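For reference, run_36.pdb is printed below; it contains PDB, C-alpha atoms and all ligand atoms.
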MODEL        1
ATOM      1  CA  MET A   1      79.200 123.618  39.586
ATOM      2  CA  GLN A   2      80.600 120.313  40.760
ATOM      3  CA  ARG A   3      80.764 117.418  38.339
ATOM      4  CA  ARG A   4      78.378 115.327  40.436
ATOM      5  CA  GLN A   5      75.710 118.035  40.442
ATOM      6  CA  PHE A   6      76.077 118.565  36.740
ATOM      7  CA  ALA A   7      75.623 114.844  36.105
ATOM      8  CA  LYS A   8      72.420 114.994  38.118
ATOM      9  CA  LEU A   9      71.146 117.874  35.992
ATOM     10  CA  LEU A  10      71.968 115.976  32.829
ATOM     11  CA  SER A  11      69.859 113.087  33.969
ATOM     12  CA  ALA A  12      67.089 115.543  34.860
ATOM     13  CA  GLY A  13      66.709 116.609  31.267
ATOM     14  CA  ALA A  14      69.551 118.978  30.485
ATOM     15  CA  ALA A  15      70.783 116.450  27.951
ATOM     16  CA  THR A  16      68.135 117.748  25.565
ATOM     17  CA  LEU A  17      69.957 121.086  25.428
ATOM     18  CA  ALA A  18      72.035 121.120  22.285
ATOM     19  CA  LEU A  19      73.437 124.604  22.108
ATOM     20  CA  ASN A  20      74.758 124.764  18.577
ATOM     21  CA  ALA A  21      71.713 123.977  16.466
ATOM     22  CA  ILE A  22      69.893 126.367  14.144
ATOM     23  CA  PRO A  23      68.044 129.280  15.783
ATOM     24  CA  GLY A  24      64.376 128.541  16.320
ATOM     25  CA  GLY A  25      64.923 124.805  16.004
ATOM     26  CA  ALA A  26      64.490 122.297  18.808
ATOM     27  CA  GLY A  27      68.117 122.734  19.852
ATOM     28  CA  ALA A  28      68.350 126.518  19.447
ATOM     29  CA  LYS A  29      70.456 128.529  21.872
ATOM     30  CA  PRO A  30      68.141 129.524  24.725
ATOM     31  CA  GLN A  31      67.502 133.209  25.337
ATOM     32  CA  VAL A  32      66.702 134.747  28.699
ATOM     33  CA  ALA A  33      65.759 138.190  30.007
ATOM     34  CA  VAL A  34      65.846 139.431  33.598
ATOM     35  CA  THR A  35      62.616 140.502  35.243
ATOM     36  CA  MET A  36      62.897 141.816  38.759
ATOM     37  CA  ASP A  37      59.959 142.019  41.141
ATOM     38  CA  ASP A  38      58.723 143.909  44.177
ATOM     39  CA  PHE A  39      61.467 146.440  44.816
ATOM     40  CA  ASN A  40      62.055 145.959  48.485
ATOM     41  CA  LEU A  41      64.441 148.738  49.418
ATOM     42  CA  PHE A  42      66.971 146.930  51.554
ATOM     43  CA  GLY A  43      69.760 148.300  53.729
ATOM     44  CA  GLU A  44      70.076 150.273  56.969
ATOM     45  CA  THR A  45      70.095 153.885  55.828
ATOM     46  CA  ASP A  46      68.562 155.617  52.809
ATOM     47  CA  ALA A  47      72.030 156.116  51.346
ATOM     48  CA  GLU A  48      72.748 152.416  51.720
ATOM     49  CA  LYS A  49      69.403 151.451  50.169
ATOM     50  CA  LEU A  50      70.094 153.649  47.173
ATOM     51  CA  GLU A  51      73.594 152.275  46.858
ATOM     52  CA  ASN A  52      72.300 148.685  46.988
ATOM     53  CA  SER A  53      69.896 149.355  44.146
ATOM     54  CA  ARG A  54      72.706 150.984  42.165
ATOM     55  CA  ALA A  55      74.807 147.842  42.615
ATOM     56  CA  ILE A  56      72.056 145.779  40.956
ATOM     57  CA  LEU A  57      71.885 148.316  38.129
ATOM     58  CA  ALA A  58      75.654 148.065  37.734
ATOM     59  CA  ALA A  59      75.457 144.264  37.409
ATOM     60  CA  LEU A  60      72.965 144.647  34.540
ATOM     61  CA  ARG A  61      75.056 147.365  32.917
ATOM     62  CA  SER A  62      78.128 145.153  33.049
ATOM     63  CA  ARG A  63      76.493 142.577  30.745
ATOM     64  CA  SER A  64      76.393 144.668  27.554
ATOM     65  CA  ASN A  65      74.023 147.141  29.155
ATOM     66  CA  LEU A  66      71.308 144.518  29.576
ATOM     67  CA  LYS A  67      67.802 145.935  30.053
ATOM     68  CA  ALA A  68      65.494 144.316  32.584
ATOM     69  CA  ALA A  69      61.818 144.752  33.378
ATOM     70  CA  ALA A  70      61.048 145.974  36.894
ATOM     71  CA  PHE A  71      57.667 144.835  38.216
ATOM     72  CA  ILE A  72      56.897 147.351  40.901
ATOM     73  CA  CYS A  73      54.885 146.771  44.051
ATOM     74  CA  GLY A  74      53.596 150.294  44.685
ATOM     75  CA  GLN A  75      53.645 150.353  48.488
ATOM     76  CA  ARG A  76      57.354 149.493  48.584
ATOM     77  CA  VAL A  77      58.394 152.550  46.595
ATOM     78  CA  ASN A  78      55.756 155.014  47.809
ATOM     79  CA  SER A  79      58.358 157.338  49.367
ATOM     80  CA  GLU A  80      60.934 159.929  48.373
ATOM     81  CA  LEU A  81      63.594 157.247  48.390
ATOM     82  CA  GLY A  82      61.373 154.959  46.316
ATOM     83  CA  LYS A  83      61.018 157.715  43.722
ATOM     84  CA  ARG A  84      64.781 158.093  43.485
ATOM     85  CA  VAL A  85      65.229 154.360  43.006
ATOM     86  CA  LEU A  86      62.543 154.203  40.312
ATOM     87  CA  GLN A  87      64.017 157.236  38.584
ATOM     88  CA  ALA A  88      67.414 155.541  38.505
ATOM     89  CA  TRP A  89      65.935 152.377  36.967
ATOM     90  CA  ASN A  90      63.979 154.450  34.477
ATOM     91  CA  ASP A  91      67.015 156.499  33.505
ATOM     92  CA  ALA A  92      69.085 153.364  33.016
ATOM     93  CA  GLY A  93      66.539 152.261  30.381
ATOM     94  CA  HIS A  94      64.751 149.476  32.239
ATOM     95  CA  THR A  95      61.041 148.860  31.789
ATOM     96  CA  ILE A  96      58.822 149.930  34.691
ATOM     97  CA  ALA A  97      55.762 147.674  35.028
ATOM     98  CA  ASN A  98      52.846 147.007  37.381
ATOM     99  CA  HIS A  99      52.849 144.387  40.169
ATOM    100  CA  THR A 100      49.925 145.861  42.207
ATOM    101  CA  TYR A 101      50.157 148.283  45.119
ATOM    102  CA  SER A 102      49.717 145.872  48.036
ATOM    103  CA  HIS A 103      51.046 142.533  46.750
ATOM    104  CA  TRP A 104      47.885 140.644  47.734
ATOM    105  CA  TYR A 105      47.015 137.094  46.875
ATOM    106  CA  TYR A 106      44.244 137.630  44.306
ATOM    107  CA  HIS A 107      42.573 134.477  45.625
ATOM    108  CA  ARG A 108      41.890 136.242  48.924
ATOM    109  CA  ARG A 109      40.471 139.524  47.574
ATOM    110  CA  SER A 110      37.385 140.585  45.657
ATOM    111  CA  VAL A 111      37.777 141.353  41.951
ATOM    112  CA  GLU A 112      36.919 145.017  42.602
ATOM    113  CA  GLU A 113      39.398 145.389  45.442
ATOM    114  CA  PHE A 114      42.142 143.822  43.369
ATOM    115  CA  GLU A 115      41.419 145.979  40.319
ATOM    116  CA  ALA A 116      41.580 149.112  42.459
ATOM    117  CA  ASP A 117      44.924 147.938  43.811
ATOM    118  CA  ILE A 118      46.322 147.588  40.280
ATOM    119  CA  LEU A 119      45.244 151.157  39.478
ATOM    120  CA  ARG A 120      46.725 152.388  42.746
ATOM    121  CA  CYS A 121      50.111 151.073  41.647
ATOM    122  CA  GLU A 122      49.653 152.606  38.201
ATOM    123  CA  GLU A 123      49.246 156.037  39.823
ATOM    124  CA  ILE A 124      52.710 155.722  41.354
ATOM    125  CA  ILE A 125      54.570 154.513  38.267
ATOM    126  CA  LYS A 126      52.655 155.965  35.314
ATOM    127  CA  ASN A 127      54.695 159.145  34.889
ATOM    128  CA  TYR A 128      58.042 157.461  34.394
ATOM    129  CA  PRO A 129      58.850 157.507  30.666
ATOM    130  CA  ARG A 130      59.793 153.807  30.798
ATOM    131  CA  PHE A 131      56.424 152.851  32.304
ATOM    132  CA  THR A 132      54.843 150.139  30.169
ATOM    133  CA  LYS A 133      51.382 148.686  30.661
ATOM    134  CA  ARG A 134      52.499 145.222  31.530
ATOM    135  CA  PHE A 135      51.154 143.388  34.569
ATOM    136  CA  ARG A 136      52.326 140.547  36.781
ATOM    137  CA  PHE A 137      50.237 138.935  39.521
ATOM    138  CA  PRO A 138      51.789 138.721  43.004
ATOM    139  CA  MET A 139      52.899 135.144  43.726
ATOM    140  CA  LEU A 140      51.873 134.460  40.089
ATOM    141  CA  LYS A 141      48.342 133.638  41.312
ATOM    142  CA  GLU A 142      45.752 134.645  38.717
ATOM    143  CA  GLY A 143      42.439 133.486  40.104
ATOM    144  CA  ASP A 144      40.835 130.450  41.659
ATOM    145  CA  THR A 145      37.626 130.402  39.591
ATOM    146  CA  ALA A 146      37.000 130.825  35.861
ATOM    147  CA  VAL A 147      34.876 133.914  36.524
ATOM    148  CA  ARG A 148      37.533 135.651  38.620
ATOM    149  CA  ARG A 149      40.331 134.665  36.240
ATOM    150  CA  ASP A 150      38.468 135.903  33.173
ATOM    151  CA  LYS A 151      37.191 139.108  34.820
ATOM    152  CA  LEU A 152      40.741 140.181  35.627
ATOM    153  CA  ARG A 153      41.978 139.303  32.151
ATOM    154  CA  ALA A 154      39.185 141.414  30.642
ATOM    155  CA  PHE A 155      39.897 144.288  33.036
ATOM    156  CA  LEU A 156      43.586 144.325  32.157
ATOM    157  CA  LYS A 157      42.829 144.309  28.422
ATOM    158  CA  GLU A 158      40.360 147.171  28.803
ATOM    159  CA  ARG A 159      43.029 149.176  30.583
ATOM    160  CA  GLY A 160      45.521 148.441  27.801
ATOM    161  CA  TYR A 161      47.671 146.016  29.774
ATOM    162  CA  LYS A 162      49.573 143.008  28.491
ATOM    163  CA  MET A 163      50.660 140.167  30.722
ATOM    164  CA  GLY A 164      54.130 140.135  32.193
ATOM    165  CA  TYR A 165      54.349 136.385  32.510
ATOM    166  CA  VAL A 166      57.312 134.599  34.005
ATOM    167  CA  THR A 167      58.680 131.606  32.120
ATOM    168  CA  ILE A 168      61.447 130.640  34.579
ATOM    169  CA  ASP A 169      60.053 130.755  38.089
ATOM    170  CA  ALA A 170      62.333 130.176  41.086
ATOM    171  CA  SER A 171      62.775 130.838  44.812
ATOM    172  CA  ASP A 172      65.560 133.426  44.944
ATOM    173  CA  TRP A 173      63.487 135.263  47.570
ATOM    174  CA  TYR A 174      63.851 132.283  49.903
ATOM    175  CA  VAL A 175      67.615 132.034  49.426
ATOM    176  CA  ASP A 176      67.746 135.773  50.149
ATOM    177  CA  GLU A 177      65.678 135.308  53.308
ATOM    178  CA  ARG A 178      68.104 132.699  54.647
ATOM    179  CA  LEU A 179      71.209 134.597  53.609
ATOM    180  CA  SER A 180      69.908 137.755  55.295
ATOM    181  CA  ALA A 181      69.068 135.830  58.497
ATOM    182  CA  ARG A 182      72.599 134.391  58.572
ATOM    183  CA  LEU A 183      74.138 137.830  58.147
ATOM    184  CA  LYS A 184      72.027 139.171  60.978
ATOM    185  CA  GLN A 185      73.366 136.399  63.180
ATOM    186  CA  ASN A 186      76.935 136.873  61.970
ATOM    187  CA  PRO A 187      77.776 139.897  59.807
ATOM    188  CA  LYS A 188      81.060 138.240  58.816
ATOM    189  CA  ALA A 189      79.517 134.917  57.749
ATOM    190  CA  ASP A 190      81.024 133.212  54.691
ATOM    191  CA  LEU A 191      78.445 133.597  51.915
ATOM    192  CA  SER A 192      80.075 131.427  49.256
ATOM    193  CA  GLY A 193      77.696 128.531  49.958
ATOM    194  CA  TYR A 194      74.695 130.807  49.357
ATOM    195  CA  ARG A 195      76.211 131.983  46.103
ATOM    196  CA  GLN A 196      76.719 128.439  44.859
ATOM    197  CA  PHE A 197      73.272 127.336  45.996
ATOM    198  CA  TYR A 198      71.684 130.294  44.232
ATOM    199  CA  LEU A 199      73.490 129.674  40.940
ATOM    200  CA  ASP A 200      72.727 125.935  41.040
ATOM    201  CA  HIS A 201      69.081 126.582  41.935
ATOM    202  CA  ILE A 202      68.476 129.063  39.121
ATOM    203  CA  TRP A 203      70.288 126.880  36.615
ATOM    204  CA  GLU A 204      68.267 123.832  37.648
ATOM    205  CA  ARG A 205      64.996 125.740  37.267
ATOM    206  CA  ALA A 206      66.079 127.307  33.942
ATOM    207  CA  VAL A 207      66.887 123.865  32.527
ATOM    208  CA  TYR A 208      63.588 122.476  33.813
ATOM    209  CA  TYR A 209      61.425 125.247  32.295
ATOM    210  CA  ASP A 210      63.346 125.334  29.032
ATOM    211  CA  ASP A 211      63.017 121.581  28.671
ATOM    212  CA  LEU A 212      59.286 121.838  29.455
ATOM    213  CA  SER A 213      58.954 124.597  26.841
ATOM    214  CA  ARG A 214      60.594 122.414  24.188
ATOM    215  CA  ARG A 215      58.363 119.466  25.021
ATOM    216  CA  ALA A 216      55.044 121.278  25.540
ATOM    217  CA  LEU A 217      55.423 124.021  22.901
ATOM    218  CA  ASP A 218      57.933 122.365  20.562
ATOM    219  CA  ARG A 219      60.321 125.278  20.965
ATOM    220  CA  SER A 220      62.418 127.228  23.412
ATOM    221  CA  VAL A 221      60.555 130.487  24.124
ATOM    222  CA  LYS A 222      62.255 133.791  24.851
ATOM    223  CA  HIS A 223      62.525 133.330  28.601
ATOM    224  CA  THR A 224      61.718 135.760  31.378
ATOM    225  CA  LEU A 225      63.516 134.855  34.589
ATOM    226  CA  LEU A 226      61.835 135.940  37.812
ATOM    227  CA  ILE A 227      64.168 137.274  40.480
ATOM    228  CA  HIS A 228      63.794 139.977  43.117
ATOM    229  CA  HIS A 229      65.283 143.317  44.101
ATOM    230  CA  ASN A 230      67.129 141.986  47.139
ATOM    231  CA  LEU A 231      70.495 141.559  48.837
ATOM    232  CA  LEU A 232      71.108 138.196  47.163
ATOM    233  CA  ASN A 233      70.994 139.874  43.767
ATOM    234  CA  LYS A 234      73.047 142.818  44.917
ATOM    235  CA  LEU A 235      75.736 140.288  45.763
ATOM    236  CA  PHE A 236      75.376 137.701  43.004
ATOM    237  CA  LEU A 237      73.367 138.975  40.011
ATOM    238  CA  GLY A 238      76.587 139.565  38.080
ATOM    239  CA  ASP A 239      77.675 135.974  38.725
ATOM    240  CA  LEU A 240      74.241 134.701  37.725
ATOM    241  CA  LEU A 241      74.323 136.521  34.391
ATOM    242  CA  ALA A 242      77.875 135.318  33.760
ATOM    243  CA  MET A 243      76.703 131.776  34.463
ATOM    244  CA  PHE A 244      73.991 131.953  31.796
ATOM    245  CA  GLU A 245      76.517 133.220  29.261
ATOM    246  CA  HIS A 246      79.022 130.563  30.265
ATOM    247  CA  LYS A 247      76.380 127.870  29.765
ATOM    248  CA  GLY A 248      75.704 129.124  26.254
ATOM    249  CA  TRP A 249      72.486 131.047  26.853
ATOM    250  CA  GLU A 250      71.983 134.452  25.294
ATOM    251  CA  LEU A 251      71.014 137.355  27.559
ATOM    252  CA  ILE A 252      68.346 139.506  25.907
ATOM    253  CA  ASP A 253      66.502 142.682  26.880
ATOM    254  CA  ALA A 254      63.139 142.209  28.564
ATOM    255  CA  THR A 255      61.354 144.191  25.831
ATOM    256  CA  GLU A 256      62.765 141.722  23.305
ATOM    257  CA  ALA A 257      61.646 138.724  25.385
ATOM    258  CA  PHE A 258      58.101 140.060  25.652
ATOM    259  CA  THR A 259      57.739 140.056  21.844
ATOM    260  CA  ASP A 260      57.435 136.266  22.066
ATOM    261  CA  PRO A 261      53.838 135.227  21.279
ATOM    262  CA  VAL A 262      53.807 132.984  24.343
ATOM    263  CA  PHE A 263      53.083 136.088  26.457
ATOM    264  CA  ALA A 264      49.703 136.541  24.776
ATOM    265  CA  ALA A 265      48.566 133.023  25.667
ATOM    266  CA  GLU A 266      45.531 132.623  27.920
ATOM    267  CA  PRO A 267      45.707 129.179  29.468
ATOM    268  CA  LYS A 268      42.380 128.110  30.894
ATOM    269  CA  ILE A 269      43.588 126.251  33.946
ATOM    270  CA  LEU A 270      42.427 126.493  37.562
ATOM    271  CA  PRO A 271      43.773 127.692  39.833
ATOM    272  CA  ALA A 272      45.182 130.060  37.199
ATOM    273  CA  GLY A 273      48.784 131.161  37.356
ATOM    274  CA  GLU A 274      52.367 129.893  37.800
ATOM    275  CA  SER A 275      54.972 130.135  35.026
ATOM    276  CA  ILE A 276      53.311 130.544  31.614
ATOM    277  CA  ILE A 277      55.211 127.438  30.452
ATOM    278  CA  TRP A 278      53.904 125.520  33.454
ATOM    279  CA  ALA A 279      50.340 126.743  32.769
ATOM    280  CA  LEU A 280      50.409 125.824  29.075
ATOM    281  CA  ALA A 281      51.876 122.406  29.866
ATOM    282  CA  LYS A 282      49.136 121.931  32.465
ATOM    283  CA  GLU A 283      46.446 122.971  30.007
ATOM    284  CA  SER A 284      47.675 120.402  27.482
ATOM    285  CA  GLY A 285      46.987 117.633  29.993
ATOM    286  CA  LYS A 286      50.107 115.780  28.857
ATOM    287  CA  PHE A 287      52.660 116.671  31.499
ATOM    288  CA  ASP A 288      50.947 116.223  34.838
ATOM    289  CA  ARG A 289      53.748 113.970  36.095
ATOM    290  CA  ASP A 290      56.242 116.831  35.637
ATOM    291  CA  LEU A 291      54.102 119.568  37.187
ATOM    292  CA  ARG A 292      54.206 120.067  40.937
ATOM    293  CA  TYR A 293      51.922 122.658  42.555
ATOM    294  CA  PRO A 294      52.838 125.314  43.285
ATOM    295  CA  GLY A 295      55.503 125.369  40.592
ATOM    296  CA  GLU A 296      58.025 126.905  42.982
ATOM    297  CA  ASP A 297      58.090 127.394  46.720
ATOM    298  CA  SER A 298      60.421 127.492  49.698
ATOM    299  CA  VAL A 299      59.324 123.985  50.727
ATOM    300  CA  TYR A 300      61.206 122.519  47.753
ATOM    301  CA  GLU A 301      64.476 124.207  48.763
ATOM    302  CA  LYS A 302      64.350 124.072  52.565
ATOM    303  CA  ALA A 303      65.680 120.545  53.113
ATOM    304  CA  LYS A 304      68.512 121.099  50.603
ATOM    305  CA  MET A 305      69.570 124.301  52.334
ATOM    306  CA  ASP A 306      69.271 122.697  55.762
ATOM    307  CA  THR A 307      71.542 119.848  54.637
ATOM    308  CA  LEU A 308      74.118 122.301  53.347
ATOM    309  CA  GLY A 309      73.989 124.257  56.602
ATOM    310  CA  LEU A 310      72.857 127.423  54.816
TER     311      LEU A 310
HETATM  312 ZN    ZN B 401      56.087 139.882  43.931
ENDMDL
END
Show the structure stored in the file as structure tokens.
Amino acid sequence: MQRRQFAKLLSAGAATLALNAIPGGAGAKPQVAVTMDDFNLFGETDAEKLENSRAILAALRSRSNLKAAAFICGQRVNSELGKRVLQAWNDAGHTIANHTYSHWYYHRRSVEEFEADILRCEEIIKNYPRFTKRFRFPMLKEGDTAVRRDKLRAFLKERGYKMGYVTIDASDWYVDERLSARLKQNPKADLSGYRQFYLDHIWERAVYYDDLSRRALDRSVKHTLLIHHNLLNKLFLGDLLAMFEHKGWELIDATEAFTDPVFAAEPKILPAGESIIWALAKESGKFDRDLRYPGEDSVYEKAKMDTLGL
């Protein structure tokens, strides 16, 4: 990261990060786990798709055998190839969790339709030994009315599910979209700018959500970073994990992160959703100036990427 960009981050709140204080205190070393959503199988041939997924697994393995949580969108792995990919993730010790079958916006579907879609995904993933009843809403959108929000929460509890909340939300999917478009245009394109943008973007969002956690909850939670099973992470996940370590953050397994009590919180905001830190800050009513809606989206990154010619 360039000095100028780092100075900007400092002024944006990173100055509150003291990395050498006592664990659990206001300046404790932040901890972060990887959670990976959707499982788009990307690549030209089946062999290439499998190989791409293996490259992401290798990046996790290279950081002390780090264990992630995979939030699976059923329709994207409902194939022989999908089964092989899931089996590989299972066998490598990563958690397999539910992200619905169809990846619908809950806001646009009936409660019954959406519940059926959750169970449809469960059918596909339930026999993997690493399957865990943990659920994440597509687009992190949990309901636009109190009735719909609470009905789904009750349904998930009845079925034995816990929430798979994100604490650090980001737009890696958008960086991936633009990187993939560039490669289509020019397979030999220089990707170093995308790499740097991705690292800077995730770091900026990690600092923002960790700072918000310290201010709204008086502590740094065990973070769950949301990223996706995509080409961007095939290329740069290893660099991303190295960056967190270099900045003094501790990489932890997803199962360890989900022991944090923050994941049992039930913020009563509307529309419901976003990062759990965002939602709890919103519920407190004290941080409205710092809370854009939605928390993350391509619109926040587009102009920056345009300017950089990415
Ligand atoms: Zn998703």
- Lys67 of chain A surroundings by only C-alpha atoms, 7 Å radius, close-in-sequence under 5 positions cut, as a PyMOL selection string: chain A and resi 60+93-94+253-254
- Query: Which chains and residue numbers are within 9 Å of ligand ZN 401 (chain B), counting only C-alpha atoms and all ligand atoms, if I want them as an MDAnalysis selection string?
  - Reply: chainID A and resid 36:39 71:73 99:100 103 136:140 228
Output the residue selection produced by the PyMOL selection byres (((chain A and resi 81) around 12) and not hetatm) on the file above, formatted as a CSV table (one decimal) with C-alpha atoms, in the coordinates of the input.
chain,number,residue,atom,x,y,z
A,39,PHE,CA,61.5,146.4,44.8
A,40,ASN,CA,62.1,146.0,48.5
A,41,LEU,CA,64.4,148.7,49.4
A,42,PHE,CA,67.0,146.9,51.6
A,45,THR,CA,70.1,153.9,55.8
A,46,ASP,CA,68.6,155.6,52.8
A,47,ALA,CA,72.0,156.1,51.3
A,48,GLU,CA,72.7,152.4,51.7
A,49,LYS,CA,69.4,151.5,50.2
A,50,LEU,CA,70.1,153.6,47.2
A,51,GLU,CA,73.6,152.3,46.9
A,53,SER,CA,69.9,149.4,44.1
A,76,ARG,CA,57.4,149.5,48.6
A,77,VAL,CA,58.4,152.6,46.6
A,78,ASN,CA,55.8,155.0,47.8
A,79,SER,CA,58.4,157.3,49.4
A,80,GLU,CA,60.9,159.9,48.4
A,82,GLY,CA,61.4,155.0,46.3
A,83,LYS,CA,61.0,157.7,43.7
A,84,ARG,CA,64.8,158.1,43.5
A,85,VAL,CA,65.2,154.4,43.0
A,86,LEU,CA,62.5,154.2,40.3
A,87,GLN,CA,64.0,157.2,38.6
A,88,ALA,CA,67.4,155.5,38.5
Extract, using only C-alpha atoms, all DNA, RNA and protein residues at most 9 Å from Glu115 of chain A, discarding same-chain residues fewer than 3 positions from it, and format them as a compact mmCIF listing (two decimals) with C-alpha atoms, in the frame of the given file.
# COMPACT_ATOMS: atom_id res chain seq x y z
CA THR A 100 49.92 145.86 42.21
CA SER A 110 37.38 140.58 45.66
CA VAL A 111 37.78 141.35 41.95
CA GLU A 112 36.92 145.02 42.60
CA ILE A 118 46.32 147.59 40.28
CA LEU A 119 45.24 151.16 39.48
CA ARG A 120 46.72 152.39 42.75
CA LEU A 152 40.74 140.18 35.63
CA PHE A 155 39.90 144.29 33.04
CA LEU A 156 43.59 144.32 32.16
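When the PyMOL selection byres (((chain A and resi 246-248) around 8) and not hetatm) is run on the displayed coordinates, the residues it returns are Leu19, Lys29, Pro30, Ala242, Met243, Phe244, Glu245, Trp249 and Glu250 of chain A.
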Identify all residues satisfying the PyMOL selection byres (((chain A and resi 175-185) around 8) and not hetatm) in the given file; provide them as a PDB file with C-alpha atoms, in the frame of the given file.
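Heads up, here's the output in selection.pdb:
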ATOM      1  CA  SER A 171      62.775 130.838  44.812  1.00  0.00           C
ATOM      2  CA  ASP A 172      65.560 133.426  44.944  1.00  0.00           C
ATOM      3  CA  TRP A 173      63.487 135.263  47.570  1.00  0.00           C
ATOM      4  CA  TYR A 174      63.851 132.283  49.903  1.00  0.00           C
ATOM      5  CA  ASN A 186      76.935 136.873  61.970  1.00  0.00           C
ATOM      6  CA  PRO A 187      77.776 139.897  59.807  1.00  0.00           C
ATOM      7  CA  LYS A 188      81.060 138.240  58.816  1.00  0.00           C
ATOM      8  CA  ALA A 189      79.517 134.917  57.749  1.00  0.00           C
ATOM      9  CA  LEU A 191      78.445 133.597  51.915  1.00  0.00           C
ATOM     10  CA  TYR A 194      74.695 130.807  49.357  1.00  0.00           C
ATOM     11  CA  TYR A 198      71.684 130.294  44.232  1.00  0.00           C
ATOM     12  CA  ASN A 230      67.129 141.986  47.139  1.00  0.00           C
ATOM     13  CA  LEU A 231      70.495 141.559  48.837  1.00  0.00           C
ATOM     14  CA  LEU A 232      71.108 138.196  47.163  1.00  0.00           C
ATOM     15  CA  LEU A 310      72.857 127.423  54.816  1.00  0.00           C
TER      16      LEU A 310
END
- Message: Between atom CA of Ala279 of chain A and atom CA of Pro267 of chain A, what distance in Å does the model show, to one decimal?
- Response: 6.2 Å
- Message: I'd like the contact shell of Gln31 of chain A - 8 Å cut-off, all atoms listed in the file, skipping same-chain residues fewer than 4 positions apart - returned as a ChimeraX atom specification.
- Response: /A:221-223,249-252
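Proximity ranking of A:Gly74, A:Leu199, A:Gly238, A:Thr255 relative to Val32 of chain A places A:Thr255 first, based on only C-alpha atoms.
Remark: for Thr132 of chain A, the closest of the candidate residues A:His107, A:Arg205, A:Arg148, A:Lys162 is A:Lys162 (distances computed over only C-alpha atoms).
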Final all heavy atoms of segment 245-249 of chain A as an mmCIF file, in the coordinates of the input:
data_model
loop_
_atom_site.group_PDB
_atom_site.id
_atom_site.type_symbol
_atom_site.label_atom_id
_atom_site.label_comp_id
_atom_site.auth_asym_id
_atom_site.auth_seq_id
_atom_site.Cartn_x
_atom_site.Cartn_y
_atom_site.Cartn_z
ATOM 1 N N GLU A 245 75.676 133.063 30.451
ATOM 2 C CA GLU A 245 76.517 133.220 29.261
ATOM 3 C C GLU A 245 77.486 132.044 29.133
ATOM 4 O O GLU A 245 77.679 131.498 28.055
ATOM 5 C CB GLU A 245 77.280 134.543 29.326
ATOM 6 C CG GLU A 245 76.351 135.736 29.112
ATOM 7 C CD GLU A 245 77.082 137.078 29.072
ATOM 8 O OE1 GLU A 245 78.091 137.224 29.789
ATOM 9 O OE2 GLU A 245 76.623 137.962 28.336
ATOM 10 N N HIS A 246 78.065 131.668 30.244
ATOM 11 C CA HIS A 246 79.022 130.563 30.265
ATOM 12 C C HIS A 246 78.369 129.254 29.808
ATOM 13 O O HIS A 246 78.991 128.424 29.160
ATOM 14 C CB HIS A 246 79.578 130.430 31.681
ATOM 15 C CG HIS A 246 80.606 129.364 31.825
ATOM 16 N ND1 HIS A 246 81.860 129.460 31.252
ATOM 17 C CD2 HIS A 246 80.563 128.157 32.455
ATOM 18 C CE1 HIS A 246 82.541 128.358 31.532
ATOM 19 N NE2 HIS A 246 81.779 127.558 32.253
ATOM 20 N N LYS A 247 77.101 129.094 30.136
ATOM 21 C CA LYS A 247 76.380 127.870 29.765
ATOM 22 C C LYS A 247 75.856 127.933 28.328
ATOM 23 O O LYS A 247 75.162 127.028 27.889
ATOM 24 C CB LYS A 247 75.184 127.664 30.703
ATOM 25 C CG LYS A 247 75.551 127.589 32.171
ATOM 26 C CD LYS A 247 75.756 126.179 32.611
ATOM 27 C CE LYS A 247 75.897 126.089 34.120
ATOM 28 N NZ LYS A 247 76.518 124.806 34.511
ATOM 29 N N GLY A 248 76.103 129.037 27.656
ATOM 30 C CA GLY A 248 75.704 129.124 26.254
ATOM 31 C C GLY A 248 74.343 129.752 26.018
ATOM 32 O O GLY A 248 73.816 129.693 24.914
ATOM 33 N N TRP A 249 73.756 130.341 27.049
ATOM 34 C CA TRP A 249 72.486 131.047 26.853
ATOM 35 C C TRP A 249 72.780 132.486 26.435
ATOM 36 O O TRP A 249 73.819 133.061 26.807
ATOM 37 C CB TRP A 249 71.656 131.066 28.149
ATOM 38 C CG TRP A 249 71.002 129.743 28.479
ATOM 39 C CD1 TRP A 249 71.580 128.497 28.387
ATOM 40 C CD2 TRP A 249 69.672 129.543 28.970
ATOM 41 N NE1 TRP A 249 70.677 127.545 28.797
ATOM 42 C CE2 TRP A 249 69.499 128.146 29.157
ATOM 43 C CE3 TRP A 249 68.609 130.391 29.273
ATOM 44 C CZ2 TRP A 249 68.311 127.592 29.626
ATOM 45 C CZ3 TRP A 249 67.428 129.841 29.748
ATOM 46 C CH2 TRP A 249 67.274 128.460 29.912
#
